[in-house]
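What follows is the content of structure.tsv, which has TSV, C-alpha atoms (C1' of nucleotides):
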```tsv
chain	number	residue	atom	x	y	z
S	1	MET	CA	-5.12	38.66	19.23
S	2	ILE	CA	-5.72	36.52	16.20
S	3	ILE	CA	-8.98	34.72	15.74
S	4	GLN	CA	-8.96	31.99	13.16
S	5	VAL	CA	-12.20	30.73	11.76
S	6	PHE	CA	-12.24	27.48	9.87
S	7	ILE	CA	-15.13	26.94	7.54
S	8	ILE	CA	-15.43	23.44	6.24
S	9	PHE	CA	-17.54	23.09	3.18
S	10	THR	CA	-18.89	19.71	2.36
S	11	ILE	CA	-20.53	18.55	-0.80
S	12	MET	CA	-23.54	16.60	0.31
S	13	MET	CA	-27.11	16.12	-0.68
S	14	SER	CA	-28.87	19.45	-1.24
S	15	LYS	CA	-31.53	20.57	1.19
S	16	LYS	CA	-34.03	20.37	-1.63
S	17	CYS	CA	-33.31	16.69	-2.08
S	18	LYS	CA	-33.44	16.01	1.63
S	19	TYR	CA	-36.73	17.88	1.95
S	20	ALA	CA	-38.07	15.85	-0.98
S	21	LEU	CA	-37.18	12.60	0.76
S	22	LYS	CA	-38.83	13.77	3.96
S	23	ALA	CA	-41.97	14.88	2.14
S	24	LEU	CA	-42.14	11.60	0.22
S	25	THR	CA	-41.75	9.67	3.46
S	26	ARG	CA	-44.57	11.65	5.02
S	27	LEU	CA	-46.76	10.96	2.00
S	28	ALA	CA	-45.76	7.29	2.12
S	29	LYS	CA	-47.03	7.03	5.69
S	30	ASN	CA	-50.34	8.16	4.24
S	31	PHE	CA	-50.16	5.91	1.15
S	32	ASN	CA	-53.63	4.94	-0.09
S	33	LYS	CA	-55.19	6.94	2.71
S	34	GLY	CA	-56.05	10.15	0.87
S	35	HIS	CA	-54.01	13.30	0.43
S	36	LEU	CA	-51.94	15.69	2.50
S	37	GLN	CA	-51.58	19.43	2.05
S	38	THR	CA	-48.33	21.28	1.48
S	39	ALA	CA	-48.86	23.41	4.57
S	40	ASP	CA	-49.28	20.35	6.79
S	41	ILE	CA	-46.23	18.55	5.43
S	42	ALA	CA	-44.23	21.76	5.78
S	43	LYS	CA	-45.21	22.10	9.43
S	44	LEU	CA	-44.66	18.43	10.27
S	45	GLU	CA	-41.26	18.25	8.61
S	46	ASN	CA	-39.87	21.72	9.31
S	47	ILE	CA	-39.66	22.71	5.67
S	48	PRO	CA	-40.28	26.29	4.39
S	49	LYS	CA	-43.73	26.07	2.82
S	50	LYS	CA	-43.04	27.99	-0.38
S	51	PHE	CA	-39.89	25.97	-0.94
S	52	LEU	CA	-41.82	22.76	-0.42
S	53	GLU	CA	-44.37	23.87	-3.01
S	54	GLN	CA	-41.66	23.88	-5.66
S	55	ILE	CA	-40.38	20.52	-4.52
S	56	LEU	CA	-43.78	18.82	-4.59
S	57	LEU	CA	-44.38	20.28	-8.02
S	58	GLU	CA	-41.13	18.78	-9.28
S	59	LEU	CA	-42.07	15.46	-7.74
S	60	LYS	CA	-45.38	15.70	-9.54
S	61	HIS	CA	-43.71	16.38	-12.89
S	62	ALA	CA	-41.53	13.36	-12.18
S	63	ARG	CA	-44.70	11.35	-11.61
S	64	MET	CA	-43.85	10.30	-8.11
S	65	VAL	CA	-46.77	12.16	-6.55
S	66	GLY	CA	-50.20	13.22	-7.73
S	67	SER	CA	-52.21	16.23	-6.70
S	68	LYS	CA	-55.74	17.38	-6.21
S	69	GLN	CA	-56.25	21.07	-6.87
S	70	GLY	CA	-58.61	23.53	-5.31
S	71	SER	CA	-60.03	23.84	-1.86
S	72	GLY	CA	-59.47	20.73	0.20
S	73	GLY	CA	-56.81	19.56	-2.28
S	74	GLY	CA	-53.38	18.19	-1.60
S	75	TYR	CA	-50.72	15.69	-2.63
S	76	PHE	CA	-50.57	11.93	-2.53
S	77	LEU	CA	-48.04	9.30	-3.55
S	78	ILE	CA	-48.76	7.55	-6.83
S	79	LYS	CA	-45.85	5.11	-6.71
S	80	ASN	CA	-45.34	2.39	-4.18
S	81	PRO	CA	-42.87	3.62	-1.51
S	82	LYS	CA	-40.82	0.49	-2.17
S	83	GLU	CA	-40.39	1.59	-5.78
S	84	ILE	CA	-39.00	5.05	-5.08
S	85	SER	CA	-35.32	4.76	-4.30
S	86	VAL	CA	-32.95	7.36	-2.89
S	87	ALA	CA	-31.12	7.10	-6.21
S	88	ASP	CA	-34.27	8.19	-8.07
S	89	VAL	CA	-34.81	11.23	-5.87
S	90	TYR	CA	-31.14	12.13	-5.81
S	91	ARG	CA	-30.93	12.05	-9.60
S	92	LEU	CA	-33.99	14.26	-9.85
S	93	PHE	CA	-32.75	16.99	-7.53
S	94	ASP	CA	-28.98	16.70	-7.33
S	95	GLY	CA	-28.08	14.99	-10.57
S	96	ALA	CA	-25.46	12.36	-11.12
S	97	ILE	CA	-24.44	9.78	-8.58
S	98	ALA	CA	-21.08	9.31	-10.26
S	99	LEU	CA	-18.23	11.54	-9.12
S	100	LEU	CA	-16.99	12.26	-12.63
S	101	PRO	CA	-19.22	13.21	-15.57
S	102	CYS	CA	-17.45	10.71	-17.85
S	103	VAL	CA	-18.50	7.93	-15.49
S	104	SER	CA	-22.14	8.88	-15.18
S	105	ILE	CA	-24.83	6.61	-16.63
S	106	ASN	CA	-27.61	9.19	-16.74
S	107	PHE	CA	-25.60	12.42	-17.01
S	108	TYR	CA	-22.65	11.35	-19.14
S	109	GLU	CA	-20.29	14.00	-20.43
S	110	ARG	CA	-16.80	13.78	-21.80
S	111	CYS	CA	-13.98	15.28	-19.70
S	112	GLU	CA	-12.41	18.17	-21.58
S	113	ASP	CA	-8.98	17.39	-20.24
S	114	CYS	CA	-9.07	13.71	-21.12
S	115	THR	CA	-6.90	12.58	-24.01
S	116	ASP	CA	-7.91	8.93	-24.30
S	117	GLU	CA	-11.04	7.79	-22.52
S	118	LYS	CA	-10.67	4.13	-23.45
S	119	SER	CA	-7.40	3.80	-21.59
S	120	CYS	CA	-8.27	6.23	-18.79
S	121	ALA	CA	-7.43	4.57	-15.50
S	122	MET	CA	-9.42	7.12	-13.54
S	123	GLN	CA	-12.57	6.31	-15.47
S	124	ARG	CA	-12.11	2.59	-14.89
S	125	GLU	CA	-11.71	3.07	-11.16
S	126	PHE	CA	-14.45	5.64	-10.75
S	127	ILE	CA	-16.91	3.23	-12.33
S	128	LYS	CA	-16.24	0.97	-9.34
S	129	ILE	CA	-16.87	3.82	-6.93
S	130	ARG	CA	-20.07	4.79	-8.71
S	131	GLU	CA	-21.29	1.21	-8.45
S	132	GLY	CA	-20.63	1.14	-4.73
S	133	ALA	CA	-22.73	4.25	-4.21
S	134	ARG	CA	-25.37	3.41	-6.80
S	135	LYS	CA	-26.10	-0.03	-5.41
S	136	MET	CA	-26.71	1.28	-1.92
S	137	MET	CA	-28.72	4.28	-3.12
S	138	SER	CA	-30.91	2.02	-5.21
S	139	LYS	CA	-31.49	-0.42	-2.38
S	140	VAL	CA	-32.69	2.22	0.05
S	141	THR	CA	-36.25	3.29	-0.76
S	142	ILE	CA	-38.83	5.61	0.75
S	143	HIS	CA	-40.26	2.52	2.41
S	144	SER	CA	-36.96	2.08	4.26
S	145	PHE	CA	-37.56	5.40	6.00
S	146	ILE	CA	-40.84	4.31	7.53
S	147	LYS	CA	-40.27	3.04	11.01
S	148	GLU	CA	-42.07	0.00	12.34
S	149	SER	CA	-43.41	2.18	15.15
S	150	ASP	CA	-45.33	4.15	12.53
S	151	ASN	CA	-47.42	0.98	12.04
S	152	GLN	CA	-47.54	1.20	8.27
H	1	MET	CA	-38.87	30.68	-32.77
H	2	ILE	CA	-38.24	29.37	-29.32
H	3	ILE	CA	-34.86	28.11	-28.30
H	4	GLN	CA	-34.80	26.05	-25.17
H	5	VAL	CA	-31.58	25.44	-23.35
H	6	PHE	CA	-31.41	22.77	-20.72
H	7	ILE	CA	-28.66	23.05	-18.21
H	8	ILE	CA	-28.23	20.04	-16.02
H	9	PHE	CA	-26.29	20.63	-12.89
H	10	THR	CA	-24.70	17.72	-11.20
H	11	ILE	CA	-23.07	17.52	-7.85
H	12	MET	CA	-19.86	15.73	-8.46
H	13	MET	CA	-16.29	15.87	-7.44
H	14	SER	CA	-14.88	19.40	-7.74
H	15	LYS	CA	-12.34	20.14	-10.43
H	16	LYS	CA	-9.87	20.91	-7.67
H	17	CYS	CA	-10.21	17.40	-6.33
H	18	LYS	CA	-9.96	15.85	-9.75
H	19	TYR	CA	-6.86	17.92	-10.55
H	20	ALA	CA	-5.37	16.84	-7.24
H	21	LEU	CA	-5.87	13.18	-8.10
H	22	LYS	CA	-4.31	13.69	-11.52
H	23	ALA	CA	-1.34	15.54	-10.06
H	24	LEU	CA	-0.84	12.88	-7.41
H	25	THR	CA	-0.98	10.18	-10.06
H	26	ARG	CA	1.63	12.01	-12.09
H	27	LEU	CA	3.86	12.33	-9.03
H	28	ALA	CA	3.24	8.65	-8.24
H	29	LYS	CA	4.59	7.64	-11.63
H	30	ASN	CA	7.74	9.45	-10.55
H	31	PHE	CA	7.75	8.03	-7.01
H	32	ASN	CA	11.28	7.79	-5.62
H	33	LYS	CA	12.66	9.20	-8.84
H	34	GLY	CA	13.14	12.84	-7.87
H	35	HIS	CA	10.78	15.76	-8.16
H	36	LEU	CA	8.50	17.34	-10.75
H	37	GLN	CA	7.71	21.00	-11.22
H	38	THR	CA	4.26	22.56	-11.08
H	39	ALA	CA	4.60	23.90	-14.61
H	40	ASP	CA	5.40	20.48	-16.03
H	41	ILE	CA	2.55	18.73	-14.23
H	42	ALA	CA	0.21	21.52	-15.34
H	43	LYS	CA	1.20	21.07	-18.95
H	44	LEU	CA	1.07	17.26	-18.86
H	45	GLU	CA	-2.33	17.12	-17.17
H	46	ASN	CA	-4.07	20.16	-18.69
H	47	ILE	CA	-4.41	21.97	-15.39
H	48	PRO	CA	-4.21	25.79	-15.04
H	49	LYS	CA	-0.78	26.34	-13.52
H	50	LYS	CA	-1.72	28.90	-10.88
H	51	PHE	CA	-4.63	26.74	-9.79
H	52	LEU	CA	-2.35	23.73	-9.54
H	53	GLU	CA	0.02	25.72	-7.33
H	54	GLN	CA	-2.71	26.07	-4.73
H	55	ILE	CA	-3.61	22.42	-4.99
H	56	LEU	CA	-0.06	21.18	-4.56
H	57	LEU	CA	0.34	23.49	-1.60
H	58	GLU	CA	-2.74	22.00	0.04
H	59	LEU	CA	-1.43	18.52	-0.65
H	60	LYS	CA	1.80	19.56	0.98
H	61	HIS	CA	0.03	20.84	4.09
H	62	ALA	CA	-1.81	17.54	4.19
H	63	ARG	CA	1.57	15.80	4.09
H	64	MET	CA	0.89	13.83	0.97
H	65	VAL	CA	3.61	15.55	-1.03
H	66	GLY	CA	6.88	17.24	-0.18
H	67	SER	CA	8.59	20.10	-1.96
H	68	LYS	CA	11.94	21.50	-2.77
H	69	GLN	CA	11.99	25.27	-2.99
H	70	GLY	CA	14.00	27.61	-5.14
H	71	SER	CA	15.45	27.23	-8.58
H	72	GLY	CA	15.31	23.67	-9.80
H	73	GLY	CA	12.83	22.78	-7.09
H	74	GLY	CA	9.59	20.89	-7.37
H	75	TYR	CA	7.21	18.45	-5.75
H	76	PHE	CA	7.46	14.77	-4.91
H	77	LEU	CA	5.23	12.21	-3.27
H	78	ILE	CA	6.07	11.41	0.34
H	79	LYS	CA	3.44	8.72	0.84
H	80	ASN	CA	3.24	5.40	-0.92
H	81	PRO	CA	0.70	5.68	-3.78
H	82	LYS	CA	-1.01	2.61	-2.35
H	83	GLU	CA	-1.61	4.50	0.88
H	84	ILE	CA	-3.36	7.53	-0.62
H	85	SER	CA	-6.98	6.66	-1.27
H	86	VAL	CA	-9.58	8.58	-3.24
H	87	ALA	CA	-11.42	8.94	0.06
H	88	ASP	CA	-8.42	10.77	1.57
H	89	VAL	CA	-8.17	13.23	-1.31
H	90	TYR	CA	-11.92	13.69	-1.56
H	91	ARG	CA	-12.18	14.52	2.14
H	92	LEU	CA	-9.37	17.03	1.81
H	93	PHE	CA	-10.85	18.98	-1.09
H	94	ASP	CA	-14.57	18.25	-1.17
H	95	GLY	CA	-15.34	17.30	2.40
H	96	ALA	CA	-17.65	14.61	3.62
H	97	ILE	CA	-18.36	11.39	1.81
H	98	ALA	CA	-21.69	10.99	3.61
H	99	LEU	CA	-24.73	12.58	1.98
H	100	LEU	CA	-26.08	14.00	5.23
H	101	PRO	CA	-24.00	15.84	7.82
H	102	CYS	CA	-25.54	13.82	10.66
H	103	VAL	CA	-24.18	10.68	9.05
H	104	SER	CA	-20.64	11.87	8.46
H	105	ILE	CA	-17.75	10.34	10.38
H	106	ASN	CA	-15.26	13.14	9.81
H	107	PHE	CA	-17.59	16.11	9.34
H	108	TYR	CA	-20.44	15.29	11.70
H	109	GLU	CA	-23.09	17.92	12.33
H	110	ARG	CA	-26.55	17.66	13.76
H	111	CYS	CA	-29.48	18.30	11.40
H	112	GLU	CA	-31.38	21.40	12.55
H	113	ASP	CA	-34.70	19.94	11.49
H	114	CYS	CA	-34.23	16.61	13.23
H	115	THR	CA	-36.29	16.00	16.34
H	116	ASP	CA	-34.92	12.65	17.49
H	117	GLU	CA	-31.66	11.46	16.01
H	118	LYS	CA	-31.68	8.10	17.81
H	119	SER	CA	-34.84	6.99	16.10
H	120	CYS	CA	-34.20	8.75	12.80
H	121	ALA	CA	-34.82	6.25	10.02
H	122	MET	CA	-33.09	8.45	7.48
H	123	GLN	CA	-29.91	8.48	9.51
H	124	ARG	CA	-29.95	4.71	9.86
H	125	GLU	CA	-30.36	4.20	6.12
H	126	PHE	CA	-27.90	6.88	5.06
H	127	ILE	CA	-25.23	5.21	7.13
H	128	LYS	CA	-25.61	2.22	4.82
H	129	ILE	CA	-25.26	4.46	1.77
H	130	ARG	CA	-22.22	6.15	3.23
H	131	GLU	CA	-20.61	2.78	3.82
H	132	GLY	CA	-21.21	1.73	0.23
H	133	ALA	CA	-19.44	4.83	-1.04
H	134	ARG	CA	-16.77	4.92	1.64
H	135	LYS	CA	-15.66	1.34	1.12
H	136	MET	CA	-15.15	1.82	-2.59
H	137	MET	CA	-13.48	5.20	-2.19
H	138	SER	CA	-11.08	3.77	0.37
H	139	LYS	CA	-10.21	0.79	-1.79
H	140	VAL	CA	-9.26	2.86	-4.82
H	141	THR	CA	-5.86	4.47	-4.36
H	142	ILE	CA	-3.50	6.61	-6.41
H	143	HIS	CA	-1.72	3.38	-7.27
H	144	SER	CA	-4.95	2.17	-8.92
H	145	PHE	CA	-4.67	5.00	-11.42
H	146	ILE	CA	-1.28	3.93	-12.68
H	147	LYS	CA	-1.69	1.79	-15.74
H	148	GLU	CA	0.46	-1.28	-16.32
H	149	SER	CA	1.60	0.28	-19.59
H	150	ASP	CA	3.28	3.00	-17.55
H	151	ASN	CA	5.63	0.23	-16.33
H	152	GLN	CA	5.70	1.40	-12.73
B	1	DT	C1'	26.47	38.70	-4.31
B	2	DT	C1'	23.30	39.29	-7.65
B	3	DT	C1'	19.91	37.08	-10.47
B	4	DA	C1'	16.67	33.87	-11.98
B	5	DA	C1'	13.67	30.25	-10.91
B	6	DA	C1'	10.52	28.05	-8.27
B	7	DT	C1'	7.64	27.42	-4.25
B	8	DC	C1'	4.65	29.85	-0.76
B	9	DC	C1'	0.78	32.58	0.52
B	10	DT	C1'	-3.20	35.70	0.40
B	11	DA	C1'	-6.48	38.45	-1.94
B	12	DT	C1'	-9.63	39.15	-5.48
B	13	DT	C1'	-12.78	38.11	-9.21
B	14	DA	C1'	-16.69	36.55	-12.29
B	15	DA	C1'	-19.88	33.15	-12.89
B	16	DT	C1'	-22.80	29.88	-10.97
B	17	DT	C1'	-25.65	27.65	-7.52
B	18	DT	C1'	-28.42	27.33	-3.48
B	19	DG	C1'	-32.13	28.16	-0.57
B	20	DA	C1'	-35.58	30.73	-0.23
B	21	DT	C1'	-39.38	34.40	-0.97
B	22	DA	C1'	-42.89	36.75	-3.75
B	23	DG	C1'	-46.72	37.17	-6.43
B	24	DA	C1'	-49.49	36.12	-9.72
B	25	DG	C1'	-52.51	32.50	-12.19
B	26	DT	C1'	-55.55	28.28	-12.16
B	27	DA	C1'	-58.68	24.75	-10.46
B	28	DC	C1'	-62.25	23.33	-7.51
B	29	DG	C1'	-65.45	22.57	-3.55
B	30	DT	C1'	-69.00	24.94	-1.06
I	1	DA	C1'	-68.93	33.88	-6.33
I	2	DC	C1'	-65.72	33.02	-2.87
I	3	DG	C1'	-62.02	31.07	-0.54
I	4	DT	C1'	-58.59	27.62	-0.59
I	5	DA	C1'	-54.85	25.17	-2.31
I	6	DC	C1'	-52.12	23.88	-6.15
I	7	DT	C1'	-49.28	25.84	-10.39
I	8	DC	C1'	-45.86	28.50	-12.30
I	9	DT	C1'	-42.22	31.97	-12.99
I	10	DA	C1'	-39.34	35.56	-11.38
I	11	DT	C1'	-36.35	37.37	-8.20
I	12	DC	C1'	-32.99	37.64	-4.39
I	13	DA	C1'	-29.01	37.31	-1.09
I	14	DA	C1'	-25.52	34.46	0.34
I	15	DA	C1'	-22.27	31.08	-0.60
I	16	DT	C1'	-19.21	28.45	-3.59
I	17	DT	C1'	-16.30	27.44	-7.50
I	18	DA	C1'	-12.65	27.95	-10.56
I	19	DA	C1'	-9.64	30.75	-11.56
I	20	DT	C1'	-6.25	34.82	-11.76
I	21	DA	C1'	-3.06	38.11	-9.71
I	22	DG	C1'	0.73	39.63	-7.28
I	23	DG	C1'	3.90	39.58	-4.08
I	24	DA	C1'	7.12	37.21	-0.51
I	25	DT	C1'	10.35	33.70	0.27
I	26	DT	C1'	13.76	30.26	-0.70
I	27	DT	C1'	17.46	28.29	-3.28
I	28	DA	C1'	20.74	27.21	-7.07
I	29	DA	C1'	23.73	28.98	-9.99
I	30	DA	C1'	26.01	32.67	-12.64
```
Could you spell out this file's structure in structure tokens?
Amino acid sequence: MIIQVFIIFTIMMSKKCKYALKALTRLAKNFNKGHLQTADIAKLENIPKKFLEQILLELKHARMVGSKQGSGGGYFLIKNPKEISVADVYRLFDGAIALLPCVSINFYERCEDCTDEKSCAMQREFIKIREGARKMMSKVTIHSFIKESDNQ
Amino acid sequence: MIIQVFIIFTIMMSKKCKYALKALTRLAKNFNKGHLQTADIAKLENIPKKFLEQILLELKHARMVGSKQGSGGGYFLIKNPKEISVADVYRLFDGAIALLPCVSINFYERCEDCTDEKSCAMQREFIKIREGARKMMSKVTIHSFIKESDNQ
DNA sequence: TTTAAATCCTATTAATTTGATAGAGTACGT
DNA sequence: ACGTACTCTATCAAATTAATAGGATTTAAA
């Protein structure tokens, strides 16, 4: 008897990035209403608390959230939810939106195997693909994730 | 003296996928003109030969290329270059185009941490992002990578 | 019919990344 | 001073990537 197991690996957004978006959305629902604690966000969003700590810290360094230390402290959004796009968060945690480094705006790198970038047809075409993804990822913001039913 | 090294990791297309696109483009330039050998493609495109072997084999299993075995053998395209899109090749080597598994058409999977998919605002928005990327990746084909100067 | 050439196929490897945990250190309200 | 919650760095196991290795198989040609 032969058992075949197929494992399909897919390159997608990292969990870290997804958790960040969820945490930001939770903070956005509380925008201008005080702060939330890591432990509460972790519970509400099903995120490992210690992992979330790192994420919120990175978001703080990126100046998307602010924090209040000590007892009774917590995190709060310091940017308008409409001004934090998926592209911003994706770039912070997962890097380039472009599929090839030579096509990236923020993470540009030359391809080692490329002989003439100026006439590279792949580069020309992958710029189009990047723009397709970038436009959509810039349009969707944290605000987009807040449902009307959340009355905010 | 402190030396700081910054390593930026970016999720992009895998090298395998990129090599596949380059190999397919090379074969496309030779479409209906006989076959090319792995070793020649490897040399022309700066791809490790043994690695390229695997790639061409996968492309064969996916019925994009055909092969002729034995001495004097090689590979040839069996689909029209206009009918092989970047999306097709990307899905074959790197998996889903969507950024979240719950949003993927071909690699759908439920998010473990999701409580109600029907009302999930993230899912709704990430479908838009997927469509932005998918449309562009479907439009660009192997034919797009062939420059006019290659007179083909 | 032997030999060489090329594809076919599977296993293995080192390096890197991910997702997470651990354990201090620091700030602050009570 | 005490407890709470953020800050920061180190570490870990599992998974993935990008190759390499080594045969097995097929075919043309000597």
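Residues with any atom within 12 Å of DA20 (chain B), counting all atoms listed in the file and excluding same-chain neighbours fewer than 3 positions away, are Lys15, Lys16, Ile47, Pro48, Lys49, Lys50, Phe51, Leu52, Glu53 and Gln54 of chain S; DT11, DC12, DA13 and DA14 of chain I.
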Selected residues written out with C-alpha atoms (C1' of nucleotides), as a PDB file, in the frame of the given file:
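Wrote it out as selection.pdb, contents follow:
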```
ATOM      1  CA  LYS S  15     -31.530  20.570   1.190  1.00  0.00           C
ATOM      2  CA  LYS S  16     -34.030  20.370  -1.630  1.00  0.00           C
ATOM      3  CA  ILE S  47     -39.660  22.710   5.670  1.00  0.00           C
ATOM      4  CA  PRO S  48     -40.280  26.290   4.390  1.00  0.00           C
ATOM      5  CA  LYS S  49     -43.730  26.070   2.820  1.00  0.00           C
ATOM      6  CA  LYS S  50     -43.040  27.990  -0.380  1.00  0.00           C
ATOM      7  CA  PHE S  51     -39.890  25.970  -0.940  1.00  0.00           C
ATOM      8  CA  LEU S  52     -41.820  22.760  -0.420  1.00  0.00           C
ATOM      9  CA  GLU S  53     -44.370  23.870  -3.010  1.00  0.00           C
ATOM     10  CA  GLN S  54     -41.660  23.880  -5.660  1.00  0.00           C
TER      11      GLN S  54
ATOM     12  C1'  DT I  11     -36.350  37.370  -8.200  1.00  0.00           C
ATOM     13  C1'  DC I  12     -32.990  37.640  -4.390  1.00  0.00           C
ATOM     14  C1'  DA I  13     -29.010  37.310  -1.090  1.00  0.00           C
ATOM     15  C1'  DA I  14     -25.520  34.460   0.340  1.00  0.00           C
TER      16       DA I  14
END
```
I'd like to know which of S:Gly132, S:Gly66, S:Leu77, S:Ala96 is closest to Asn30 (chain S), using all atoms listed in the file.
S:Leu77
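Going from CA of Val103 (chain H) to CA of Ala87 (chain S) covers 17.1 Å.
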Mind listing as a ChimeraX atom specification which residues of chain I are within 8 Å of chain H, counting only C-alpha atoms (C1' of nucleotides)?
/I:18-20,26-28
Close residues, Cys17 (chain H) itself excluded, 9 Å, all atoms listed in the file, min 4 positions apart in chain, as an MDAnalysis selection string
chainID H and resid 13 21:22 55 89:90 92:94
Which chain B residues are at most 8 Å from chain S (counting all atoms listed in the file), as a PyMOL selection string?
chain B and resi 19-21+27-29
Residues within 12 Å of (-17.1, 18.5, -11.7), file coords, all atoms listed in the file, listed as a PyMOL selection string
(chain S and resi 11+95-104+107-113) or (chain H and resi 9-19+94) or (chain I and resi 17-18)
Based on the selection just made, write C-alpha atoms (C1' of nucleotides) of those residues as an mmCIF file, in the coordinates of the input.
```cif
data_model
loop_
_atom_site.group_PDB
_atom_site.id
_atom_site.type_symbol
_atom_site.label_atom_id
_atom_site.label_comp_id
_atom_site.auth_asym_id
_atom_site.auth_seq_id
_atom_site.Cartn_x
_atom_site.Cartn_y
_atom_site.Cartn_z
ATOM 1 C CA ILE S 11 -20.530 18.550 -0.800
ATOM 2 C CA GLY S 95 -28.080 14.990 -10.570
ATOM 3 C CA ALA S 96 -25.460 12.360 -11.120
ATOM 4 C CA ILE S 97 -24.440 9.780 -8.580
ATOM 5 C CA ALA S 98 -21.080 9.310 -10.260
ATOM 6 C CA LEU S 99 -18.230 11.540 -9.120
ATOM 7 C CA LEU S 100 -16.990 12.260 -12.630
ATOM 8 C CA PRO S 101 -19.220 13.210 -15.570
ATOM 9 C CA CYS S 102 -17.450 10.710 -17.850
ATOM 10 C CA VAL S 103 -18.500 7.930 -15.490
ATOM 11 C CA SER S 104 -22.140 8.880 -15.180
ATOM 12 C CA PHE S 107 -25.600 12.420 -17.010
ATOM 13 C CA TYR S 108 -22.650 11.350 -19.140
ATOM 14 C CA GLU S 109 -20.290 14.000 -20.430
ATOM 15 C CA ARG S 110 -16.800 13.780 -21.800
ATOM 16 C CA CYS S 111 -13.980 15.280 -19.700
ATOM 17 C CA GLU S 112 -12.410 18.170 -21.580
ATOM 18 C CA ASP S 113 -8.980 17.390 -20.240
ATOM 19 C CA PHE H 9 -26.290 20.630 -12.890
ATOM 20 C CA THR H 10 -24.700 17.720 -11.200
ATOM 21 C CA ILE H 11 -23.070 17.520 -7.850
ATOM 22 C CA MET H 12 -19.860 15.730 -8.460
ATOM 23 C CA MET H 13 -16.290 15.870 -7.440
ATOM 24 C CA SER H 14 -14.880 19.400 -7.740
ATOM 25 C CA LYS H 15 -12.340 20.140 -10.430
ATOM 26 C CA LYS H 16 -9.870 20.910 -7.670
ATOM 27 C CA CYS H 17 -10.210 17.400 -6.330
ATOM 28 C CA LYS H 18 -9.960 15.850 -9.750
ATOM 29 C CA TYR H 19 -6.860 17.920 -10.550
ATOM 30 C CA ASP H 94 -14.570 18.250 -1.170
ATOM 31 C "C1'" DT I 17 -16.300 27.440 -7.500
ATOM 32 C "C1'" DA I 18 -12.650 27.950 -10.560
#
```
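Going from C1' of DA22 (chain B) over to C1' of DT9 (chain I), you cover 10.4 Å.
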Counting all atoms listed in the file, the option among H:Ala28, H:Ala121, H:Ala20, H:Ala39 closest to DA6 (chain B)
H:Ala39
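The space separating CA of Arg26 (chain H) from CA of Asn80 (chain H) comes to 13.1 Å.
Distances to chain H were evaluated for S:Asp88, S:Glu45, S:Asp40, S:Asp116 using only C-alpha atoms, and the minimum falls at S:Glu45.
Comparing the minimum interatomic distances between chain S and each of H:Leu27, H:Leu44, H:Ala62, H:Ile78, counting only C-alpha atoms, we find that H:Leu44 sits nearest.
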Write out as a PyMOL selection string which residues come within 10 Å of DA21 (chain I) when counting only C-alpha atoms (C1' of nucleotides), dropping same-chain ones fewer than 2 positions away.
(chain H and resi 50) or (chain B and resi 11-13) or (chain I and resi 23)
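Among S:Ala23, S:Leu59, S:Ile142, S:Met136, the residue with the shortest atom-to-atom distance to chain H, counting all atoms listed in the file, is S:Met136.
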Restricting the calculation to all atoms listed in the file, which member of H:Gln37, H:Asn46, H:Val86, H:Glu117 is positioned closest to chain S?
H:Asn46
Which protein, DNA or RNA residues have an atom at most 9 Å from (-45.6, 34.1, -7.6), counting only C-alpha atoms (C1' of nucleotides)? List them as a list in words.
DA22, DG23, DA24 and DG25 of chain B; DC8, DT9 and DA10 of chain I
Taking the partial coordinates given, rebuild region 67-76 of chain H to contain N, CA and C atoms; return it as an mmCIF file, keeping the file's coordinate frame.
```cif
data_model
loop_
_atom_site.group_PDB
_atom_site.id
_atom_site.type_symbol
_atom_site.label_atom_id
_atom_site.label_comp_id
_atom_site.auth_asym_id
_atom_site.auth_seq_id
_atom_site.Cartn_x
_atom_site.Cartn_y
_atom_site.Cartn_z
ATOM 1 N N SER H 67 8.127 19.179 -0.925
ATOM 2 C CA SER H 67 8.590 20.100 -1.960
ATOM 3 C C SER H 67 10.034 20.490 -1.742
ATOM 4 N N LYS H 68 10.597 20.956 -2.805
ATOM 5 C CA LYS H 68 11.940 21.500 -2.770
ATOM 6 C C LYS H 68 11.809 22.903 -3.332
ATOM 7 N N GLN H 69 12.176 23.883 -2.545
ATOM 8 C CA GLN H 69 11.990 25.270 -2.990
ATOM 9 C C GLN H 69 13.147 25.748 -3.854
ATOM 10 N N GLY H 70 12.957 26.946 -4.382
ATOM 11 C CA GLY H 70 14.000 27.610 -5.140
ATOM 12 C C GLY H 70 14.218 27.042 -6.529
ATOM 13 N N SER H 71 15.137 27.630 -7.212
ATOM 14 C CA SER H 71 15.450 27.230 -8.580
ATOM 15 C C SER H 71 15.736 25.733 -8.660
ATOM 16 N N GLY H 72 15.119 25.106 -9.620
ATOM 17 C CA GLY H 72 15.310 23.670 -9.800
ATOM 18 C C GLY H 72 14.519 22.836 -8.811
ATOM 19 N N GLY H 73 13.639 23.498 -8.083
ATOM 20 C CA GLY H 73 12.830 22.780 -7.090
ATOM 21 C C GLY H 73 11.676 22.029 -7.712
ATOM 22 N N GLY H 74 10.742 21.624 -6.871
ATOM 23 C CA GLY H 74 9.590 20.890 -7.370
ATOM 24 C C GLY H 74 8.895 20.103 -6.278
ATOM 25 N N TYR H 75 7.990 19.247 -6.694
ATOM 26 C CA TYR H 75 7.210 18.450 -5.750
ATOM 27 C C TYR H 75 7.477 16.959 -5.927
ATOM 28 N N PHE H 76 7.320 16.235 -4.846
ATOM 29 C CA PHE H 76 7.460 14.770 -4.910
ATOM 30 C C PHE H 76 6.517 14.147 -3.885
#
```
